[in-house]
Amino acid sequence: MAFKTRITDMLGIEHPIVQGGMQSVGYAELASAVSNAGGLGIITALTQPSPEALRDEIERCRAMTDKPFGVNMTVFPTINAPDYKAYAQAIIDGGVKIVETAGTQAVREIWEMLKPHGVAILHKCTAVRHALSAERAGCDIISIDGFECAGHPGEDDIPGLILIPAAADKVKIPMLASGGFGDGRGLVAALSLGAEGINMGTRFCATVEAPIHDNVKQAYIDNDERGSFLIFRSLKNTARVGKSAVSEEVVRRLAQPDATFADVAELVNGKAGRELLETGDLSKGVFWAGMVQGLIHDIPTCQQLIDRIIADADAIVDQRLAAMRR
């Protein structure tokens with residue numbers, strides 16, 4: 001059986017499962033595999049070195065799937081900012097109709113470019129107040145990101161069990177639950193809490209089609225639910241990364257009085273992270289990872305993973321929960 005929600009209707013997908021955009025991971029191989037399996041795959045725009053390269057990646061993905069897929073555009077606070085508007089124009093030129101966004105207030109300029117072209121905006125937030133602001137600004141879908149997530153969980157530390165229903169009580173547009181999801185139990189929980197689908201990042205990294213080294217995929221299996229560190233907390237830019245010798249060193253350095261980003265820059269920069277993902281040498285940098293690592297025990301294909309999530313969710317609703325009713 002399939003779960004039909006406003007998310008599946010709006011995005012034109014079979015299952016309410018979205019693969020979030022991930023830097024240096026969101027290539028056409030992964031996005032097309034997720035879309036072909038009935039979910040929504042997402043290419044990460046800024047993984048591409050230029051807007052022209054993004055146009056090519058969009059066409060490459062389109063050649064690999066005839067199903068809907070999206071593109072992620074995250075606006076980072078950075079000194080040497082990329083030409084975000086040129087990347088947005090590449091999305092428009094590529095005919096993409098679904099865009100996941102995140103980041104600073106400057107992302108609103110991207111919304112203004114995309115909306116006149118009939119693009120559905122799926123905005124990722126870490127707080128109810130931000131979700132409401134995005135809804136008022138005309139976003140179509142909210143992805144509410146709990147404290148369990150990989151990447152940037154915000155500074156409020158509200159876990160999904162509270163954040164999802166708190167957002168569902170106030171947000172009127174469809175909502176995805178993000179952070180800590182990886183199996184059928186999570187899908188049923190998300191639907192029960194008021195979301196209409198799930199957004200998964202770390203779990204899709206641990207799949208056959210994820211374009212990262214097997215050593216990194218194995219790290220997701222080896223780590224458990226305690227297998228992550230929060231870094232950059234003292235810099236007010238908290239990020240969750242996988243536990244490793246390098247991330248442990250980052251934590252140690254940033255715990256020193258008056259520590260700054262410069263003290264860890266060589267360990268956490270994008271170049272180091274890309275080298276880690278490509279070579280599998282975990283001493284080269286840090287890798288994004290959420291608490292959901294505690295639920296990752298294998299490396300399936302995207303088709304196998306999505307099929308299993310839906311089958312398990314069906315069984316929970318039709319058998320386990322049904323048997324508890326009196």
# chains A, B, ... in the order shown; residues from 1 in each chain; ligands from 1
call {"tool": "select_by_dssp", "arguments": {"residues": "range 77-222 of chain A", "states": "alpha helix (DSSP H)", "output": "number ranges by chain"}}
result
A: 84-93, 107-114, 128-136, 160-168, 184-193, 202-205, 214-222
call {"tool": "residues_around", "arguments": {"residues": "range 235-240 of chain A", "least_positions_apart": "6", "cutoff": "6 Å", "atoms": "only C-alpha atoms", "output": "ChimeraX atom specification"}}
result
/A:150-152,229
call {"tool": "write_last_selection", "arguments": {"atoms": "C-alpha atoms", "output": "PDB file, in the first residue's frame"}}
result
ATOM      1  CA  ALA A 150      22.927  16.045  10.694  1.00  0.00           C
ATOM      2  CA  GLY A 151      24.224  19.409   9.573  1.00  0.00           C
ATOM      3  CA  HIS A 152      22.896  22.537  11.260  1.00  0.00           C
ATOM      4  CA  PHE A 229      29.458  15.587  17.920  1.00  0.00           C
TER       5      PHE A 229
END
call {"tool": "closest_residue", "arguments": {"among": "A:Gly194, A:Gly280, A:Gly180, A:Gly20", "to": "Leu295 in chain A", "atoms": "only C-alpha atoms"}}
result
A:Gly180
call {"tool": "closest_residue", "arguments": {"among": "A:Gly197, A:Pro257, A:Pro159, A:Pro174", "to": "Cys139 in chain A", "atoms": "only C-alpha atoms"}}
result
A:Pro174
call {"tool": "residues_around", "arguments": {"residues": "Asp281 in chain A", "least_positions_apart": "5", "cutoff": "12 Å", "atoms": "only C-alpha atoms", "output": "MDAnalysis selection string"}}
result
chainID A and resid 212:219 244:246 272:276 286:287
call {"tool": "closest_residue", "arguments": {"among": "A:Gln89, A:Gly103, A:His297, A:Phe147", "to": "Asn223 in chain A", "atoms": "only C-alpha atoms"}}
result
A:His297
call {"tool": "residues_around", "arguments": {"residues": "Gly186 in chain A", "least_positions_apart": "4", "cutoff": "9 Å", "atoms": "only C-alpha atoms", "output": "PDB file with N, CA and C atoms, in the first residue's frame"}}
result
ATOM      1  N   GLY A 180      16.528  12.494  12.135  1.00  0.00           N
ATOM      2  CA  GLY A 180      16.324  11.276  12.921  1.00  0.00           C
ATOM      3  C   GLY A 180      15.484  10.223  12.252  1.00  0.00           C
ATOM      4  N   PHE A 181      15.177  10.388  10.963  1.00  0.00           N
ATOM      5  CA  PHE A 181      14.302   9.432  10.281  1.00  0.00           C
ATOM      6  C   PHE A 181      15.107   8.485   9.393  1.00  0.00           C
ATOM      7  N   GLY A 182      14.718   7.181   9.457  1.00  0.00           N
ATOM      8  CA  GLY A 182      15.479   6.209   8.686  1.00  0.00           C
ATOM      9  C   GLY A 182      14.763   4.901   8.452  1.00  0.00           C
ATOM     10  N   ALA A 190       6.175  10.216  12.219  1.00  0.00           N
ATOM     11  CA  ALA A 190       6.079  11.548  11.623  1.00  0.00           C
ATOM     12  C   ALA A 190       4.645  11.866  11.218  1.00  0.00           C
ATOM     13  N   LEU A 191       3.982  10.900  10.582  1.00  0.00           N
ATOM     14  CA  LEU A 191       2.593  11.103  10.177  1.00  0.00           C
ATOM     15  C   LEU A 191       1.695  11.291  11.402  1.00  0.00           C
ATOM     16  N   ILE A 198       8.509  12.452   5.289  1.00  0.00           N
ATOM     17  CA  ILE A 198       9.799  12.566   5.965  1.00  0.00           C
ATOM     18  C   ILE A 198      10.877  12.986   4.983  1.00  0.00           C
ATOM     19  N   ILE A 309      10.897   0.734   4.027  1.00  0.00           N
ATOM     20  CA  ILE A 309      10.247   1.732   4.883  1.00  0.00           C
ATOM     21  C   ILE A 309       8.734   1.675   4.723  1.00  0.00           C
ATOM     22  N   ALA A 313       6.114   0.427   7.525  1.00  0.00           N
ATOM     23  CA  ALA A 313       5.099   1.378   7.969  1.00  0.00           C
ATOM     24  C   ALA A 313       3.702   0.781   7.812  1.00  0.00           C
TER      25      ALA A 313
END
call {"tool": "residues_around", "arguments": {"residues": "Ala63 in chain A", "least_positions_apart": "4", "cutoff": "9 Å", "atoms": "only C-alpha atoms", "output": "list in words"}}
result
Ser32, Ile58 and Glu59 of chain A
call {"tool": "residues_around", "arguments": {"residues": "range 52-55 of chain A", "least_positions_apart": "5", "cutoff": "12 Å", "atoms": "only C-alpha atoms", "output": "list in words"}}
result
Gly26, Tyr27, Ala28, Ile43, Thr44, Ala45, Leu46, Thr47, Arg60, Cys61, Arg62, Val71, Asn72, Met73, Asp83, Tyr84, Ala86, Tyr87, Ala88, Gln89, Ala90, Ile91, Ile92, Asp93, Gly94, Gly95 and Val96 of chain A
call {"tool": "select_by_dssp", "arguments": {"residues": "range 60-278 of chain A", "states": "strand (DSSP E or B)", "output": "PyMOL selection string"}}
result
chain A and resi 69-75+98-103+120-125+141-145+151+175-178+198-200+228-231+239-242
call {"tool": "closest_residue", "arguments": {"among": "A:Ser35, A:Gln304, A:Gln256, A:Ser178", "to": "Phe69 in chain A", "atoms": "only C-alpha atoms"}}
result
A:Ser35
call {"tool": "atom_distance", "arguments": {"atom1": "CA of Met291 in chain A", "atom2": "CA of Phe261 in chain A"}}
result
24.2 Å
call {"tool": "residues_around", "arguments": {"residues": "Thr104 in chain A", "least_positions_apart": "6", "cutoff": "12 Å", "atoms": "only C-alpha atoms", "output": "number ranges by chain"}}
result
A: 73-78, 110, 123-125, 130, 134, 154, 237
call {"tool": "write_last_selection", "arguments": {"atoms": "N, CA and C atoms", "output": "PDB file, in the first residue's frame"}}
result
ATOM      1  N   MET A  73      19.012  24.538  -2.839  1.00  0.00           N
ATOM      2  CA  MET A  73      19.774  25.793  -2.827  1.00  0.00           C
ATOM      3  C   MET A  73      19.872  26.274  -1.387  1.00  0.00           C
ATOM      4  N   THR A  74      21.047  26.183  -0.815  1.00  0.00           N
ATOM      5  CA  THR A  74      21.270  26.650   0.550  1.00  0.00           C
ATOM      6  C   THR A  74      22.127  27.909   0.504  1.00  0.00           C
ATOM      7  N   VAL A  75      21.658  28.961   1.150  1.00  0.00           N
ATOM      8  CA  VAL A  75      22.386  30.228   1.182  1.00  0.00           C
ATOM      9  C   VAL A  75      23.183  30.282   2.486  1.00  0.00           C
ATOM     10  N   PHE A  76      24.497  30.120   2.360  1.00  0.00           N
ATOM     11  CA  PHE A  76      25.372  30.050   3.519  1.00  0.00           C
ATOM     12  C   PHE A  76      25.853  31.435   3.936  1.00  0.00           C
ATOM     13  N   PRO A  77      26.099  31.639   5.241  1.00  0.00           N
ATOM     14  CA  PRO A  77      26.824  32.842   5.653  1.00  0.00           C
ATOM     15  C   PRO A  77      28.310  32.620   5.375  1.00  0.00           C
ATOM     16  N   THR A  78      28.836  33.257   4.358  1.00  0.00           N
ATOM     17  CA  THR A  78      30.216  33.002   3.955  1.00  0.00           C
ATOM     18  C   THR A  78      30.866  34.266   3.416  1.00  0.00           C
ATOM     19  N   ILE A 110      16.122  34.354  -3.635  1.00  0.00           N
ATOM     20  CA  ILE A 110      16.026  33.174  -4.496  1.00  0.00           C
ATOM     21  C   ILE A 110      14.563  32.799  -4.692  1.00  0.00           C
ATOM     22  N   HIS A 123      11.015  24.631   2.031  1.00  0.00           N
ATOM     23  CA  HIS A 123      12.005  25.327   2.855  1.00  0.00           C
ATOM     24  C   HIS A 123      12.263  24.591   4.156  1.00  0.00           C
ATOM     25  N   LYS A 124      13.543  24.415   4.461  1.00  0.00           N
ATOM     26  CA  LYS A 124      13.948  23.699   5.667  1.00  0.00           C
ATOM     27  C   LYS A 124      14.176  24.680   6.809  1.00  0.00           C
ATOM     28  N   CYS A 125      13.528  24.412   7.953  1.00  0.00           N
ATOM     29  CA  CYS A 125      13.604  25.288   9.133  1.00  0.00           C
ATOM     30  C   CYS A 125      13.944  24.460  10.366  1.00  0.00           C
ATOM     31  N   HIS A 130      10.446  30.269  12.451  1.00  0.00           N
ATOM     32  CA  HIS A 130      11.004  30.380  11.101  1.00  0.00           C
ATOM     33  C   HIS A 130      10.067  29.741  10.080  1.00  0.00           C
ATOM     34  N   ALA A 134       8.394  31.592   6.835  1.00  0.00           N
ATOM     35  CA  ALA A 134       8.501  31.079   5.466  1.00  0.00           C
ATOM     36  C   ALA A 134       7.129  30.863   4.850  1.00  0.00           C
ATOM     37  N   GLY A 154      20.316  24.318  14.275  1.00  0.00           N
ATOM     38  CA  GLY A 154      19.913  25.557  14.926  1.00  0.00           C
ATOM     39  C   GLY A 154      20.456  25.632  16.339  1.00  0.00           C
ATOM     40  N   ASN A 237      26.958  28.683  15.470  1.00  0.00           N
ATOM     41  CA  ASN A 237      26.665  28.082  14.161  1.00  0.00           C
ATOM     42  C   ASN A 237      26.728  26.563  14.303  1.00  0.00           C
TER      43      ASN A 237
END
call {"tool": "closest_atom_pairs", "arguments": {"of": "range 182-222 of chain A", "to": "range 7-19 of chain A", "cutoff": "8 Å", "atoms": "only C-alpha atoms", "output": "Markdown table"}}
result
| residue | atom | partner | partner_atom | distance |
| --- | --- | --- | --- | --- |
| A:Glu196 | CA | A:Ile7 | CA | 6.1 |
| A:Gly197 | CA | A:Pro16 | CA | 4.4 |
| A:Ile198 | CA | A:Ile17 | CA | 5.1 |
| A:Asn199 | CA | A:Val18 | CA | 4.6 |
| A:Met200 | CA | A:Gln19 | CA | 5.2 |
| A:Gly201 | CA | A:Gln19 | CA | 5.9 |
| A:Phe204 | CA | A:Gln19 | CA | 6.8 |
